[in-house]
$ cat target16.txt   # compact mmCIF, C-alpha atoms and all ligand atoms
# COMPACT_ATOMS: atom_id res chain seq x y z
CA MET H 1 54.35 -41.24 48.86
CA LEU H 2 54.05 -41.85 45.12
CA GLU H 3 56.90 -41.87 42.59
CA ILE H 4 56.23 -42.39 38.90
CA ASN H 5 59.14 -42.80 36.52
CA ASN H 6 59.09 -43.24 32.75
CA LEU H 7 55.46 -44.33 32.64
CA SER H 8 54.29 -45.25 29.15
CA VAL H 9 50.94 -46.71 28.14
CA PHE H 10 49.98 -48.13 24.76
CA TYR H 11 46.50 -48.97 23.49
CA GLY H 12 47.43 -51.27 20.64
CA GLY H 13 49.36 -49.05 18.25
CA ILE H 14 48.35 -45.82 20.02
CA GLN H 15 50.65 -44.42 22.70
CA ALA H 16 48.63 -42.58 25.38
CA LEU H 17 51.42 -41.74 27.89
CA TYR H 18 55.06 -40.97 26.97
CA ALA H 19 57.72 -41.72 29.61
CA LEU H 20 55.88 -39.63 32.17
CA SER H 21 57.43 -38.92 35.57
CA LEU H 22 55.87 -37.25 38.59
CA SER H 23 55.88 -37.41 42.37
CA VAL H 24 53.32 -36.84 45.09
CA GLU H 25 54.10 -35.98 48.71
CA LYS H 26 52.03 -37.40 51.54
CA GLY H 27 49.23 -35.07 52.63
CA ASP H 28 49.14 -32.99 49.44
CA ILE H 29 46.35 -32.29 47.00
CA VAL H 30 47.83 -32.69 43.53
CA SER H 31 45.90 -31.58 40.46
CA VAL H 32 46.47 -32.90 36.97
CA ILE H 33 44.89 -30.76 34.28
CA GLY H 34 44.80 -31.18 30.53
CA ALA H 35 42.56 -31.24 27.46
CA ASN H 36 40.31 -34.13 26.41
CA GLY H 37 42.37 -37.13 25.46
CA ALA H 38 45.58 -35.84 27.12
CA GLY H 39 45.90 -39.09 29.08
CA LYS H 40 44.61 -38.04 32.51
CA SER H 41 42.30 -41.04 33.05
CA THR H 42 44.99 -43.38 31.74
CA LEU H 43 47.39 -41.99 34.35
CA LEU H 44 44.93 -42.54 37.21
CA ARG H 45 44.03 -46.03 36.00
CA SER H 46 47.74 -46.92 35.88
CA ILE H 47 48.20 -45.84 39.52
CA ALA H 48 45.05 -47.75 40.48
CA GLY H 49 46.41 -50.97 38.96
CA ASP H 50 43.69 -51.02 36.28
CA GLN H 51 45.98 -50.47 33.35
CA LYS H 52 48.78 -52.25 31.52
CA TYR H 53 51.85 -50.02 31.52
CA VAL H 54 55.61 -49.95 31.21
CA GLY H 55 57.81 -47.96 33.59
CA GLN H 56 57.76 -47.60 37.36
CA ILE H 57 55.01 -46.67 39.79
CA ARG H 58 56.08 -46.84 43.43
CA PHE H 59 53.64 -46.26 46.30
CA GLU H 60 55.19 -45.95 49.75
CA GLY H 61 58.35 -47.47 48.31
CA GLU H 62 56.61 -50.50 46.84
CA GLN H 63 56.18 -51.10 43.11
CA ILE H 64 52.58 -51.25 41.88
CA PRO H 65 52.73 -53.90 39.19
CA SER H 66 51.10 -53.22 35.85
CA GLU H 67 47.47 -54.47 35.90
CA SER H 68 47.76 -55.58 39.53
CA TYR H 69 44.05 -54.92 40.37
CA CYS H 70 44.69 -55.07 44.13
CA VAL H 71 45.75 -51.58 45.16
CA VAL H 72 42.72 -51.05 47.40
CA HIS H 73 44.46 -53.26 50.00
CA LYS H 74 47.52 -51.03 49.77
CA GLY H 75 45.48 -47.89 50.48
CA ILE H 76 44.65 -46.49 47.04
CA SER H 77 41.04 -45.77 46.00
CA LEU H 78 39.95 -44.56 42.58
CA VAL H 79 36.72 -42.62 42.00
CA PRO H 80 36.34 -43.17 38.25
CA GLU H 81 35.10 -40.66 35.72
CA GLY H 82 31.31 -40.77 35.48
CA ARG H 83 30.97 -41.88 39.17
CA ARG H 84 29.88 -45.49 38.41
CA ILE H 85 27.87 -45.97 41.56
CA PHE H 86 25.50 -48.97 41.69
CA PRO H 87 22.18 -47.42 40.59
CA GLY H 88 20.03 -50.33 41.81
CA LEU H 89 21.54 -50.36 45.31
CA THR H 90 20.64 -47.97 48.12
CA VAL H 91 23.01 -45.30 49.38
CA LEU H 92 23.86 -47.49 52.38
CA GLU H 93 24.48 -50.56 50.19
CA ASN H 94 26.72 -48.52 47.87
CA LEU H 95 28.75 -47.31 50.84
CA ARG H 96 29.01 -50.83 52.29
CA ALA H 97 30.28 -52.05 48.91
CA GLY H 98 33.23 -49.67 49.33
CA ALA H 99 34.30 -51.59 52.45
CA TYR H 100 34.29 -54.99 50.74
CA SER H 101 38.01 -55.54 51.36
CA ARG H 102 37.76 -54.84 55.12
CA SER H 103 36.78 -56.94 58.09
CA ASP H 104 37.26 -54.36 60.91
CA LYS H 105 33.61 -53.70 61.75
CA ASP H 106 34.37 -50.89 64.22
CA GLY H 107 36.58 -49.11 61.69
CA ILE H 108 33.91 -49.46 59.00
CA MET H 109 31.25 -48.00 61.35
CA ARG H 110 33.54 -45.11 62.25
CA ASP H 111 34.34 -44.36 58.59
CA MET H 112 30.63 -44.60 57.72
CA GLU H 113 29.84 -41.96 60.39
CA GLU H 114 32.67 -39.76 59.09
CA VAL H 115 31.29 -39.99 55.56
CA PHE H 116 27.87 -38.91 56.90
CA THR H 117 29.52 -35.99 58.72
CA ILE H 118 31.25 -34.86 55.53
CA PHE H 119 28.19 -35.54 53.34
CA PRO H 120 25.07 -35.14 55.54
CA ARG H 121 22.89 -35.40 52.42
CA LEU H 122 23.92 -39.04 52.04
CA LYS H 123 22.62 -39.77 55.53
CA GLU H 124 19.30 -38.09 54.69
CA ARG H 125 19.04 -40.33 51.62
CA ILE H 126 20.41 -43.50 53.17
CA LYS H 127 17.58 -45.76 51.91
CA GLN H 128 17.23 -44.12 48.51
CA LEU H 129 18.47 -45.92 45.40
CA GLY H 130 21.79 -44.61 44.08
CA GLY H 131 20.30 -44.15 40.60
CA SER H 132 17.65 -41.75 41.94
CA LEU H 133 20.20 -39.28 43.35
CA SER H 134 21.14 -36.02 41.59
CA GLY H 135 24.49 -35.85 39.76
CA GLY H 136 26.17 -34.02 42.65
CA GLU H 137 24.80 -36.49 45.20
CA GLN H 138 25.99 -39.41 43.07
CA GLN H 139 29.47 -37.89 43.04
CA MET H 140 29.33 -37.53 46.82
CA LEU H 141 28.25 -41.17 47.05
CA ALA H 142 31.10 -42.28 44.77
CA ILE H 143 33.60 -40.40 46.94
CA GLY H 144 31.96 -41.73 50.12
CA ARG H 145 32.18 -45.27 48.78
CA ALA H 146 35.90 -44.77 48.04
CA LEU H 147 36.43 -43.44 51.59
CA LEU H 148 34.88 -46.62 53.05
CA ALA H 149 37.95 -48.46 51.73
CA SER H 150 39.98 -46.31 54.18
CA PRO H 151 42.44 -45.02 51.56
CA LYS H 152 45.71 -43.20 52.14
CA LEU H 153 45.63 -41.97 48.55
CA LEU H 154 42.37 -40.93 46.87
CA LEU H 155 42.29 -40.66 43.06
CA LEU H 156 39.50 -38.47 41.68
CA ASP H 157 38.80 -38.56 37.95
CA GLU H 158 36.96 -35.38 36.91
CA PRO H 159 34.76 -35.18 40.02
CA THR H 160 32.97 -32.03 38.84
CA LEU H 161 32.11 -33.20 35.31
CA GLY H 162 28.59 -32.17 34.35
CA LEU H 163 27.75 -30.53 37.69
CA ALA H 164 26.26 -27.07 38.28
CA PRO H 165 28.70 -24.36 39.48
CA ILE H 166 27.20 -24.17 42.98
CA ILE H 167 27.59 -27.94 43.43
CA ILE H 168 31.13 -27.77 42.04
CA ASN H 169 32.13 -25.26 44.74
CA GLU H 170 30.55 -27.42 47.44
CA LEU H 171 32.37 -30.50 46.15
CA PHE H 172 35.76 -28.77 46.08
CA ASP H 173 35.20 -27.67 49.69
CA LYS H 174 34.47 -31.29 50.62
CA ILE H 175 37.66 -32.45 48.90
CA ILE H 176 39.64 -29.94 50.98
CA GLU H 177 37.85 -31.18 54.12
CA ILE H 178 38.71 -34.83 53.31
CA ASN H 179 42.34 -33.88 52.74
CA GLN H 180 42.70 -31.71 55.85
CA LYS H 181 40.55 -33.53 58.40
CA LYS H 182 41.32 -37.10 57.39
CA GLY H 183 44.86 -36.45 56.15
CA ILE H 184 44.17 -38.28 52.90
CA THR H 185 46.46 -37.47 49.98
CA VAL H 186 44.49 -36.58 46.84
CA ILE H 187 45.31 -36.71 43.14
CA MET H 188 42.58 -35.00 41.19
CA VAL H 189 42.23 -34.94 37.44
CA GLU H 190 40.18 -31.95 36.29
CA GLN H 191 39.16 -29.93 33.28
CA ASN H 192 37.95 -27.19 35.61
CA ALA H 193 41.52 -25.91 35.51
CA TYR H 194 41.49 -22.74 37.59
CA ALA H 195 39.55 -24.24 40.47
CA ALA H 196 41.78 -27.32 40.43
CA LEU H 197 44.89 -25.12 40.57
CA GLU H 198 43.49 -23.05 43.45
CA LEU H 199 43.12 -26.22 45.48
CA ALA H 200 46.42 -27.81 44.57
CA LYS H 201 49.64 -27.84 46.54
CA LYS H 202 51.29 -29.13 43.39
CA ALA H 203 49.96 -29.36 39.85
CA TYR H 204 50.87 -30.90 36.53
CA VAL H 205 49.67 -29.98 33.05
CA LEU H 206 49.34 -32.97 30.76
CA ALA H 207 49.27 -32.59 26.95
CA THR H 208 49.23 -35.51 24.50
CA GLY H 209 50.54 -37.94 27.08
CA GLN H 210 53.39 -35.81 28.44
CA ILE H 211 53.89 -33.48 31.39
CA VAL H 212 54.42 -30.08 29.83
CA MET H 213 54.31 -27.91 32.98
CA SER H 214 54.49 -28.42 36.72
CA GLY H 215 54.70 -26.27 39.82
CA THR H 216 52.68 -25.19 42.80
CA GLY H 217 49.05 -24.40 42.10
CA ALA H 218 49.82 -20.70 42.67
CA GLU H 219 52.75 -20.73 40.21
CA LEU H 220 50.65 -22.28 37.47
CA LEU H 221 47.75 -19.91 38.12
CA GLU H 222 50.09 -17.07 37.12
CA LYS H 223 50.67 -18.74 33.76
CA GLY H 224 47.01 -18.85 32.74
CA ASP H 225 47.63 -17.98 29.06
CA ILE H 226 50.09 -20.84 28.51
CA ILE H 227 47.84 -23.28 30.34
CA GLU H 228 44.88 -22.26 28.21
CA SER H 229 46.88 -22.97 25.07
CA TYR H 230 47.45 -26.53 26.35
CA LEU H 231 43.82 -26.97 27.35
CA GLY H 232 42.79 -26.06 23.83
CA SER H 233 40.07 -23.66 24.96
CA LYS H 234 39.57 -21.07 27.60
CA ALA H 235 39.61 -22.79 30.96
CA GLU H 236 36.52 -22.31 33.08
CA GLU H 237 36.65 -19.76 35.86
CA ARG H 238 35.52 -20.97 39.23
P1 LIG Y 301 39.09 -37.21 28.85
O1 LIG Y 301 39.17 -35.94 29.60
O2 LIG Y 301 38.39 -37.06 27.53
O3 LIG Y 301 38.61 -38.39 29.66
P2 LIG Y 301 41.83 -38.02 29.27
O4 LIG Y 301 42.82 -36.91 29.38
O5 LIG Y 301 41.37 -38.65 30.50
O6 LIG Y 301 40.61 -37.53 28.41
P3 LIG Y 301 42.42 -40.68 28.35
O7 LIG Y 301 41.02 -41.12 28.48
O8 LIG Y 301 43.43 -41.17 29.29
O9 LIG Y 301 42.50 -39.08 28.29
O10 LIG Y 301 42.91 -41.03 26.87
C1 LIG Y 301 44.23 -40.79 26.37
C2 LIG Y 301 44.34 -41.27 24.93
O11 LIG Y 301 44.24 -42.70 24.88
C3 LIG Y 301 43.26 -40.74 24.02
O12 LIG Y 301 43.84 -40.50 22.76
C4 LIG Y 301 42.26 -41.87 23.95
O13 LIG Y 301 41.57 -41.86 22.73
C5 LIG Y 301 43.15 -43.10 24.05
N1 LIG Y 301 42.46 -44.21 24.72
C6 LIG Y 301 41.96 -44.22 25.98
N2 LIG Y 301 41.38 -45.40 26.26
C7 LIG Y 301 41.55 -46.18 25.17
C8 LIG Y 301 41.21 -47.53 24.82
N3 LIG Y 301 40.60 -48.32 25.70
N4 LIG Y 301 41.53 -47.97 23.59
C9 LIG Y 301 42.19 -47.17 22.70
N5 LIG Y 301 42.56 -45.90 22.95
C10 LIG Y 301 42.24 -45.40 24.17
$ encode --input "target16.txt" --output "structure tokens" --more "lines below"
Ligand code: ATP
Amino acid sequence: MLEINNLSVFYGGIQALYALSLSVEKGDIVSVIGANGAGKSTLLRSIAGDQKYVGQIRFEGEQIPSESYCVVHKGISLVPEGRRIFPGLTVLENLRAGAYSRSDKDGIMRDMEEVFTIFPRLKERIKQLGGSLSGGEQQMLAIGRALLASPKLLLLDEPTLGLAPIIINELFDKIIEINQKKGITVIMVEQNAYAALELAKKAYVLATGQIVMSGTGAELLEKGDIIESYLGSKAEER
């Protein structure tokens, strides 16, 4: 579904990604783990067309041009780090904003109902302002909004950041549900390394802009000590 070859990103004189290559199969959950500053967000932004890059990113055989800013039409949705919901809009308005690129009213209604089935708490809070929701609910809203774009590939940038352990577990279960029930391929960037590996069909470890390890989630879980050395501190247990 996604093929990345020799991806490099520069911020002025700073190189954030170094000739990185990876691939994602349709239907998989792929986790990318790594320490702060490893380049995880830069990688997701490049796939989402929000980033100037050199190299090749191909989605369903088609090149995603550097800084193309139109991948939502192609079926790619990014949930950015820090959620970035619209705090002054209601839950319903936030969700509707996710469907801005669509005109199929029936499809939008159906996806809205599916989001409420996955996240019943959003339905309970439908008229509440986004900014008044808890951190976990805001993350659910950000994911719900991304689902309203009807993506084939969902990019999640640190979805569990700053959330309580019980909410983290709930959120990971929802990500599995989205992947299995809706068949959406997921690339998830996480610092919560062990939980992210448990979920992943395939996983990559990123360190200073390069892929330093890859394998199935289970294979990487067996190499916990090496992974911890790349993460720079003991990874959190789920
Ligand atoms: P974090 O977990 O802290 O978000 P990350 O793995 O997502 O980290 P990135 O945010 O992709 O890492 O950053 C990779 C590198 O690029 C870092 O060294 C960072 O300082 C640098 N960087 C990111 N954005 C910019 C920018 N807009 N201008 C200059 N340097 C940047």
$ residues_around --input "target16.txt" --residues "H:Glu190" --least-positions-apart "4" --cutoff "9 Å" --atoms "only C-alpha atoms" --output "PyMOL selection string"
chain H and resi 31-34+40+156-161+195-196
$ closest_residue --input "target16.txt" --among "H:Ile108, H:Ala48, H:Leu141, H:Ala35" --to "H:Gly75" --atoms "only C-alpha atoms"
H:Ala48
$ residues_around --input "target16.txt" --residues "H:Phe116" --least-positions-apart "3" --cutoff "12 Å" --atoms "all atoms listed in the file" --output "PDB file with C-alpha atoms, keeping the file's coordinate frame"
ATOM      1  CA  VAL H  91      23.010 -45.300  49.380  1.00  0.00           C
ATOM      2  CA  LEU H  92      23.860 -47.490  52.380  1.00  0.00           C
ATOM      3  CA  LEU H  95      28.750 -47.310  50.840  1.00  0.00           C
ATOM      4  CA  MET H 109      31.250 -48.000  61.350  1.00  0.00           C
ATOM      5  CA  ARG H 110      33.540 -45.110  62.250  1.00  0.00           C
ATOM      6  CA  ASP H 111      34.340 -44.360  58.590  1.00  0.00           C
ATOM      7  CA  MET H 112      30.630 -44.600  57.720  1.00  0.00           C
ATOM      8  CA  GLU H 113      29.840 -41.960  60.390  1.00  0.00           C
ATOM      9  CA  PHE H 119      28.190 -35.540  53.340  1.00  0.00           C
ATOM     10  CA  PRO H 120      25.070 -35.140  55.540  1.00  0.00           C
ATOM     11  CA  ARG H 121      22.890 -35.400  52.420  1.00  0.00           C
ATOM     12  CA  LEU H 122      23.920 -39.040  52.040  1.00  0.00           C
ATOM     13  CA  LYS H 123      22.620 -39.770  55.530  1.00  0.00           C
ATOM     14  CA  GLU H 124      19.300 -38.090  54.690  1.00  0.00           C
ATOM     15  CA  ARG H 125      19.040 -40.330  51.620  1.00  0.00           C
ATOM     16  CA  ILE H 126      20.410 -43.500  53.170  1.00  0.00           C
ATOM     17  CA  MET H 140      29.330 -37.530  46.820  1.00  0.00           C
ATOM     18  CA  LEU H 141      28.250 -41.170  47.050  1.00  0.00           C
ATOM     19  CA  ILE H 143      33.600 -40.400  46.940  1.00  0.00           C
ATOM     20  CA  GLY H 144      31.960 -41.730  50.120  1.00  0.00           C
ATOM     21  CA  ARG H 145      32.180 -45.270  48.780  1.00  0.00           C
ATOM     22  CA  LEU H 147      36.430 -43.440  51.590  1.00  0.00           C
ATOM     23  CA  LEU H 148      34.880 -46.620  53.050  1.00  0.00           C
ATOM     24  CA  LYS H 174      34.470 -31.290  50.620  1.00  0.00           C
TER      25      LYS H 174
END
$ residues_around --input "target16.txt" --residues "stretch 197-212 of chain H" --least-positions-apart "2" --cutoff "8 Å" --atoms "all atoms listed in the file" --output "PyMOL selection string"
chain H and resi 15-21+28-35+37-40+172+176+193-195+214-218+220-221+227+230-231
$ residues_around --input "target16.txt" --residues "stretch 2-6 of chain H" --least-positions-apart "6" --cutoff "8 Å" --atoms "all atoms listed in the file" --output "JSON list (two decimals) with C-alpha atoms, in the frame of the given file"
[["chain", "number", "residue", "atom", "x", "y", "z"],
["H", 18, "TYR", "CA", 55.06, -40.97, 26.97],
["H", 19, "ALA", "CA", 57.72, -41.72, 29.61],
["H", 20, "LEU", "CA", 55.88, -39.63, 32.17],
["H", 21, "SER", "CA", 57.43, -38.92, 35.57],
["H", 22, "LEU", "CA", 55.87, -37.25, 38.59],
["H", 23, "SER", "CA", 55.88, -37.41, 42.37],
["H", 24, "VAL", "CA", 53.32, -36.84, 45.09],
["H", 25, "GLU", "CA", 54.10, -35.98, 48.71],
["H", 54, "VAL", "CA", 55.61, -49.95, 31.21],
["H", 55, "GLY", "CA", 57.81, -47.96, 33.59],
["H", 56, "GLN", "CA", 57.76, -47.60, 37.36],
["H", 57, "ILE", "CA", 55.01, -46.67, 39.79],
["H", 58, "ARG", "CA", 56.08, -46.84, 43.43],
["H", 59, "PHE", "CA", 53.64, -46.26, 46.30],
["H", 60, "GLU", "CA", 55.19, -45.95, 49.75],
["H", 61, "GLY", "CA", 58.35, -47.47, 48.31]]
$ closest_residue --input "target16.txt" --among "H:Pro151, H:Pro80, H:Gly162, H:Gly136" --to "H:Thr185" --atoms "only C-alpha atoms"
H:Pro151
$ axis_aligned_box --input "target16.txt" --around "stretch 29-43 of chain H" --padding-each-side "3 Å" --output "JSON"
{"center_x": 44.1, "center_y": -37.1, "center_z": 36.2, "size_x": 13.5, "size_y": 18.6, "size_z": 27.5}
$ atom_distance --input "target16.txt" --atom1 "atom O9 of ligand LIG 301 (chain Y)" --atom2 "atom CA of H:Ala146"
21.6 Å
$ closest_residue --input "target16.txt" --among "H:Ile226, H:Leu89, H:Leu154, H:Val189" --to "ligand LIG 301 (chain Y)" --atoms "all atoms listed in the file"
H:Val189
$ atom_distance --input "target16.txt" --atom1 "atom CA of H:Gly13" --atom2 "atom CA of H:Asn36"
19.3 Å
$ atom_distance --input "target16.txt" --atom1 "atom CA of H:Ala99" --atom2 "atom CA of H:Ser150"
7.9 Å
$ build_atoms --input "target16.txt" --residues "stretch 160-181 of chain H" --atoms "N, CA, C and O atoms" --output "compact mmCIF listing (two decimals), in the coordinates of the input"
# COMPACT_ATOMS: atom_id res chain seq x y z
N THR H 160 33.99 -33.07 39.03
CA THR H 160 32.97 -32.03 38.84
C THR H 160 32.29 -32.11 37.48
O THR H 160 31.44 -31.27 37.17
N LEU H 161 32.63 -33.11 36.68
CA LEU H 161 32.11 -33.20 35.31
C LEU H 161 30.58 -33.18 35.29
O LEU H 161 29.93 -33.99 35.95
N GLY H 162 30.03 -32.23 34.55
CA GLY H 162 28.59 -32.17 34.35
C GLY H 162 27.80 -31.60 35.52
O GLY H 162 26.57 -31.65 35.52
N LEU H 163 28.48 -31.05 36.53
CA LEU H 163 27.75 -30.53 37.69
C LEU H 163 27.58 -29.01 37.60
O LEU H 163 28.38 -28.31 36.99
N ALA H 164 26.53 -28.51 38.27
CA ALA H 164 26.26 -27.07 38.28
C ALA H 164 27.32 -26.36 39.12
O ALA H 164 27.85 -26.94 40.08
N PRO H 165 27.63 -25.08 38.78
CA PRO H 165 28.70 -24.36 39.48
C PRO H 165 28.57 -24.36 41.01
O PRO H 165 29.56 -24.53 41.71
N ILE H 166 27.37 -24.22 41.52
CA ILE H 166 27.20 -24.17 42.98
C ILE H 166 27.58 -25.51 43.62
O ILE H 166 28.19 -25.57 44.69
N ILE H 167 27.26 -26.59 42.93
CA ILE H 167 27.59 -27.94 43.43
C ILE H 167 29.11 -28.16 43.31
O ILE H 167 29.73 -28.78 44.18
N ILE H 168 29.69 -27.63 42.24
CA ILE H 168 31.13 -27.77 42.04
C ILE H 168 31.88 -27.15 43.22
O ILE H 168 32.79 -27.74 43.80
N ASN H 169 31.46 -25.93 43.61
CA ASN H 169 32.13 -25.26 44.74
C ASN H 169 31.99 -26.07 46.02
O ASN H 169 32.95 -26.22 46.78
N GLU H 170 30.79 -26.61 46.23
CA GLU H 170 30.55 -27.42 47.44
C GLU H 170 31.47 -28.65 47.44
O GLU H 170 32.09 -28.99 48.44
N LEU H 171 31.57 -29.27 46.26
CA LEU H 171 32.37 -30.50 46.15
C LEU H 171 33.86 -30.22 46.39
O LEU H 171 34.55 -30.98 47.08
N PHE H 172 34.35 -29.11 45.84
CA PHE H 172 35.76 -28.77 46.08
C PHE H 172 36.01 -28.52 47.57
O PHE H 172 37.05 -28.91 48.10
N ASP H 173 35.04 -27.88 48.24
CA ASP H 173 35.20 -27.67 49.69
C ASP H 173 35.27 -29.00 50.42
O ASP H 173 36.02 -29.17 51.37
N LYS H 174 34.47 -29.97 49.97
CA LYS H 174 34.47 -31.29 50.62
C LYS H 174 35.81 -32.00 50.39
O LYS H 174 36.31 -32.69 51.27
N ILE H 175 36.37 -31.82 49.20
CA ILE H 175 37.66 -32.45 48.90
C ILE H 175 38.74 -31.87 49.82
O ILE H 175 39.58 -32.61 50.36
N ILE H 176 38.68 -30.57 50.05
CA ILE H 176 39.64 -29.94 50.98
C ILE H 176 39.43 -30.51 52.38
O ILE H 176 40.39 -30.83 53.09
N GLU H 177 38.16 -30.64 52.78
CA GLU H 177 37.85 -31.18 54.12
C GLU H 177 38.41 -32.60 54.28
O GLU H 177 39.00 -32.93 55.30
N ILE H 178 38.22 -33.43 53.26
CA ILE H 178 38.71 -34.83 53.31
C ILE H 178 40.23 -34.83 53.44
O ILE H 178 40.81 -35.58 54.22
N ASN H 179 40.87 -33.95 52.69
CA ASN H 179 42.34 -33.88 52.74
C ASN H 179 42.81 -33.38 54.11
O ASN H 179 43.72 -33.97 54.71
N GLN H 180 42.19 -32.32 54.61
CA GLN H 180 42.70 -31.71 55.85
C GLN H 180 42.29 -32.47 57.10
O GLN H 180 43.09 -32.68 58.00
N LYS H 181 41.02 -32.88 57.17
CA LYS H 181 40.55 -33.53 58.40
C LYS H 181 40.97 -34.98 58.49
O LYS H 181 41.28 -35.48 59.56
